[in-house]
Amino acid sequence: MRSADIRKIFFDYFISRGHTRVPSSSLVPDDPTLLLANAGMNQFKPYFLGEVPPPYPRATSVQKCARTSDIDNVGRTTRHATFFEMLGNFSFGDYFKADAIRYAWELLTEHYRLDPEKLWITVYQDDDEAIELWRQVGVPAERIQRLGMDDNFWSMGVPGPCGPCSEVCYDRGPAFGPAGGPEANGERYLEIWNLVFMQNLRGESAGGGKGDFPILGELPNKSIDTGLGLDRIAAILQGVDTVCETDLLAPTLATVERLAGRRYPGRNGSEESVSFQVVTEHARSTAFLIADGVLPSNEGRGYVLRRLMRRAIRHARSLGIDRHVLAEVVGSVIDNLGTDWPDLRHQRELITAVVSREEETFGVTLRQGTRLLDAAITRTRTSGGTRLTGETAFELHDTYGFPIELTLEAAQAAGLTVDEDRYAALLDEQRRRAKKSGKAQTAAAMRRQDAYRAILSQHGRTDFVGYTGTTADTELLALLADGESLPVAHEGQQVEVIISRSPFYAERGGQIGDTGTLTTNDGSTIEITDTTYGLDGFYVLTGQVTTGQARPGQSAHAVVDADRRAAIARSHSATHVLHAMLRRNLGEHARQQGSLVAPDRLRFDFAHFAPVDPDRLQAIGVMINDYLLADPEVRVWHATRAEAEEAGAIAFFGDTYGDLVRIVDIGDASRELCGGTHVAHAAQAGPVRILGESSIGAGLRRIEALTGRDALQRVDQERRLLDEVTQLLGSRPDDLIATLSKRLAALAEAEKSLADYRRRELETVAAELAGKRRDLGQGTLVTAHVSNMPAAELRTLAITVVDLLPRATPAGVVLATIDDGKALLAAAINRPLLDRGIQARQLLIEAAASIGGGAGGTGPIASAGGRNSTALSTALALAEDALTAVIGR
């Protein structure tokens, strides 16, 4: 059963039972507590927490998930992956244990047709009800096992909904391990489906372990959250050993086999088997992360991606793949899964560019690390030592990103060992420091929240008066620094200020917070640089005391930066109209997924599964400005949530709304629930200048635009640029395209003529070099210095020369040059040498090291480069010796 059929059967089953199909959210979650989406329930978290009423009682989805906590297990077990698709069904206070268990058993045994005798069940240790329900569907008592909190109790890791869970496991037989059920062996008894019974509320953890948090009681609405791993069920239904052999990854595994020049050995526990699986699996994670907007960096999500890519590169090299590998392997992921996940295809160019650049960057890292490692090995051996220090290995890893595995290999080749215990201790110390820093940040955030709650309980919520004006008389209720209350704040001090009445809008719904000034009754001033929500309905002003001293209890006059507020209002109203026009043009699915409303610009994220054609995007821009120019009224009104929805107002997932909501109408085009500030008439929001449209993840697009004065300035800037170009071309603006086309055509013709001339010139040089060949026994070789020549031309020349040499007997060419101060080498060999198993790269390995570089290439052509141009003659001699040796075999 192919994976596409597995998905379809799952959806059909649950949709027929009243579940609403919900698309996968991005791997980049709209949740500050998560680095990456790691479970199907992530996008439904507000419903489970009760923050937002669910729009449907039941849902089903296939969620993209990333979990790098299992990265070291990839390839070493049959079941772990850093990316996977989680099939899920969810109930928000609707059905509970009985139906969840019945649905799971029925789907697995009747629709996927798994043998009931091979299904085992685990339940939470004291969940007698779940045991009885499993017995009722036909599971015998001997195949139900009770496990503790670490295995069968689920929580989000923070205070909130939690509950016992029950896992369905499949017995794959004695080939995968000993008998004894899931509690004895997770490889043989493969967990495929986890049913979480959301029935409890957890409090703060006392220590940090999973079992340390208190259960505060039961939830009023018991819910269901399940996850069926597509990789695992596919492995079972397709009769393969590992997730890498399913149709989700098999084409990618075949690509790795082709690049490595040998077959995957299967699940045999060897390092070779692990490497095949790591390259295959990590390529999939890489493709999906980049498609969702993650780019490699040294922190956060970017670090996760970089680690995956570099790990794949390292394992590819261990398979003997010495050339760049990621672009091809990731390309096979896109070819295989792009139909089911279209954004992979849409982002192919970006994905390919990112992995190619990262692989090149890692190559530089490896070369730099190799030089440093070689120097350390030389020092160690010269001093009579036999072991590289742990400090050396850690510095290479921490400062230069050099993998410890390569350090161990190089040391072993030099007859040395590495102090791995010291290296591990230094690495563990670094991790403890990072963890301690993270805990400190969390503790600081908790101190601030505790301080906010104390002030809120004493003074109540902030009275926001900013809809009707930009000034207000108010009182300083509290001053805070790092979560601690201040009796006084002195000039120059950074503070958080809580006031009783605030005209400052707090950042929410994409609209950034207001700035301005607070002036106290004694003339002290605080420059406000941002306004945020500390708690719901509780405003926190961030600023600096610029004159005098500020104290709680002082009366003050608050003044918002009115020009900035007006610019923000223009951007916000323009965002609403942009949203309306996108839905008119692209369809109702093109709904807002996120936004940034700033004084000079706006950013709008929306759901759509393809790039917006430039002509259509331009037409949307015209529609927006035409609508704003017509100057429809902007109307703000209030109603209950039900009344607003009945009137067609749009609400957004993730936003929290009370019983009484604020609605903003802009003419007859836009009606949205919104707490932001807006212009009084639509014409005040224009003009709008769309800068472009791009993808930010699977099914998500982004438009960026300028509004008001900034839009006009952009038009002026573009006009000046146009004038400069027309002057340079000696043309008129109306004739610019035709003139530029002629110039480009003429340039292309000139470049073609130059390329033809250069090709003929290279052919002449090649003939001269071939005429100077040296015969050696049964073979022929050419080695030579040539005058300054780019690397690409040097390789072309080497190939041309070898083609002029005898084809029936072994022949090879090594050429050297200096280009832009850099020493370059190129080597080419013919078919008889290739048939002996010789690779051109072998000729350049020692030569490349002598000029401070490395050799690259595969098959009949290779190249090398380094900054030590003074050693080029030595390098050429070393390459000539290597060529002589292989020809004379």
# chains A, B, ... in the order shown; residues from 1 in each chain; ligands from 1
call {"tool": "closest_atom_pairs", "arguments": {"of": "region 570-647 of chain A", "to": "region 688-695 of chain A", "cutoff": "10 Å", "atoms": "only C-alpha atoms", "output": "JSON lines"}}
result
{"residue": "A:Arg570", "atom": "CA", "partner": "A:Val688", "partner_atom": "CA", "distance": 9.4}
{"residue": "A:Ser571", "atom": "CA", "partner": "A:Val688", "partner_atom": "CA", "distance": 8.6}
{"residue": "A:Ala574", "atom": "CA", "partner": "A:Val688", "partner_atom": "CA", "distance": 7.2}
{"residue": "A:Thr575", "atom": "CA", "partner": "A:Val688", "partner_atom": "CA", "distance": 9.5}
{"residue": "A:Leu578", "atom": "CA", "partner": "A:Val688", "partner_atom": "CA", "distance": 9.2}
{"residue": "A:Arg601", "atom": "CA", "partner": "A:Val688", "partner_atom": "CA", "distance": 9.2}
{"residue": "A:Leu602", "atom": "CA", "partner": "A:Ile690", "partner_atom": "CA", "distance": 9.4}
{"residue": "A:Arg603", "atom": "CA", "partner": "A:Glu693", "partner_atom": "CA", "distance": 9.8}
{"residue": "A:Phe604", "atom": "CA", "partner": "A:Glu693", "partner_atom": "CA", "distance": 9.4}
{"residue": "A:Asp605", "atom": "CA", "partner": "A:Ser695", "partner_atom": "CA", "distance": 9.0}
{"residue": "A:Phe606", "atom": "CA", "partner": "A:Ser695", "partner_atom": "CA", "distance": 9.6}
{"residue": "A:Ala607", "atom": "CA", "partner": "A:Ser695", "partner_atom": "CA", "distance": 9.9}
{"residue": "A:His608", "atom": "CA", "partner": "A:Ser695", "partner_atom": "CA", "distance": 9.1}
{"residue": "A:Phe609", "atom": "CA", "partner": "A:Ser695", "partner_atom": "CA", "distance": 9.1}
{"residue": "A:Ala610", "atom": "CA", "partner": "A:Ser695", "partner_atom": "CA", "distance": 8.4}
{"residue": "A:Pro611", "atom": "CA", "partner": "A:Ser694", "partner_atom": "CA", "distance": 6.9}
{"residue": "A:Val612", "atom": "CA", "partner": "A:Glu693", "partner_atom": "CA", "distance": 7.1}
{"residue": "A:Asp613", "atom": "CA", "partner": "A:Glu693", "partner_atom": "CA", "distance": 9.2}
{"residue": "A:Pro614", "atom": "CA", "partner": "A:Glu693", "partner_atom": "CA", "distance": 8.6}
{"residue": "A:Leu617", "atom": "CA", "partner": "A:Glu693", "partner_atom": "CA", "distance": 8.0}
{"residue": "A:Gln618", "atom": "CA", "partner": "A:Ile690", "partner_atom": "CA", "distance": 7.9}
{"residue": "A:Ile620", "atom": "CA", "partner": "A:Ile690", "partner_atom": "CA", "distance": 9.1}
{"residue": "A:Gly621", "atom": "CA", "partner": "A:Ile690", "partner_atom": "CA", "distance": 6.4}
{"residue": "A:Val622", "atom": "CA", "partner": "A:Val688", "partner_atom": "CA", "distance": 9.0}
{"residue": "A:Ile624", "atom": "CA", "partner": "A:Val688", "partner_atom": "CA", "distance": 7.4}
{"residue": "A:Asn625", "atom": "CA", "partner": "A:Val688", "partner_atom": "CA", "distance": 6.3}
{"residue": "A:Leu628", "atom": "CA", "partner": "A:Val688", "partner_atom": "CA", "distance": 9.0}
call {"tool": "select_by_dssp", "arguments": {"residues": "region 497-686 of chain A", "states": "strand (DSSP E)", "output": "number ranges by chain"}}
result
A: 497-499, 501-502, 516-520, 525-535, 538-547, 555-560, 592-597, 601-607, 634-640, 660-666, 670-673
call {"tool": "residues_around", "arguments": {"residues": "Val813 (chain A)", "least_positions_apart": "3", "cutoff": "10 Å", "atoms": "only C-alpha atoms", "output": "ChimeraX atom specification"}}
result
/A:769-770,773,780-784,797-803,805,826-830,840,843,861,879-880,883
call {"tool": "residues_around", "arguments": {"residues": "region 91-95 of chain A", "least_positions_apart": "2", "cutoff": "6 Å", "atoms": "only C-alpha atoms", "output": "list of chain:residue names"}}
result
A:Pro57, A:Arg58, A:Asn221, A:Lys222, A:Ser223, A:Ile224
call {"tool": "atom_distance", "arguments": {"atom1": "CA of Ala683 (chain A)", "atom2": "CA of Glu704 (chain A)"}}
result
19.7 Å
call {"tool": "select_by_dssp", "arguments": {"residues": "region 253-419 of chain A", "states": "alpha helix (DSSP H)", "output": "MDAnalysis selection string"}}
result
chainID A and resid 253:260 271:291 300:318 326:337 342:346 348:382 390:400 404:413
call {"tool": "closest_residue", "arguments": {"among": "A:Ala766, A:Ala816, A:Ala748, A:Ala864", "to": "Leu804 (chain A)", "atoms": "only C-alpha atoms"}}
result
A:Ala766
call {"tool": "closest_atom_pairs", "arguments": {"of": "region 408-494 of chain A", "to": "region 369-382 of chain A", "cutoff": "10 Å", "atoms": "only C-alpha atoms", "output": "tab-separated table"}}
result
residue	atom	partner	partner_atom	distance
A:Ala410	CA	A:Leu373	CA	8.0
A:Ala411	CA	A:Ile377	CA	7.1
A:Ala414	CA	A:Ile377	CA	7.4
A:Gly415	CA	A:Arg381	CA	9.2
A:Leu416	CA	A:Ile377	CA	8.1
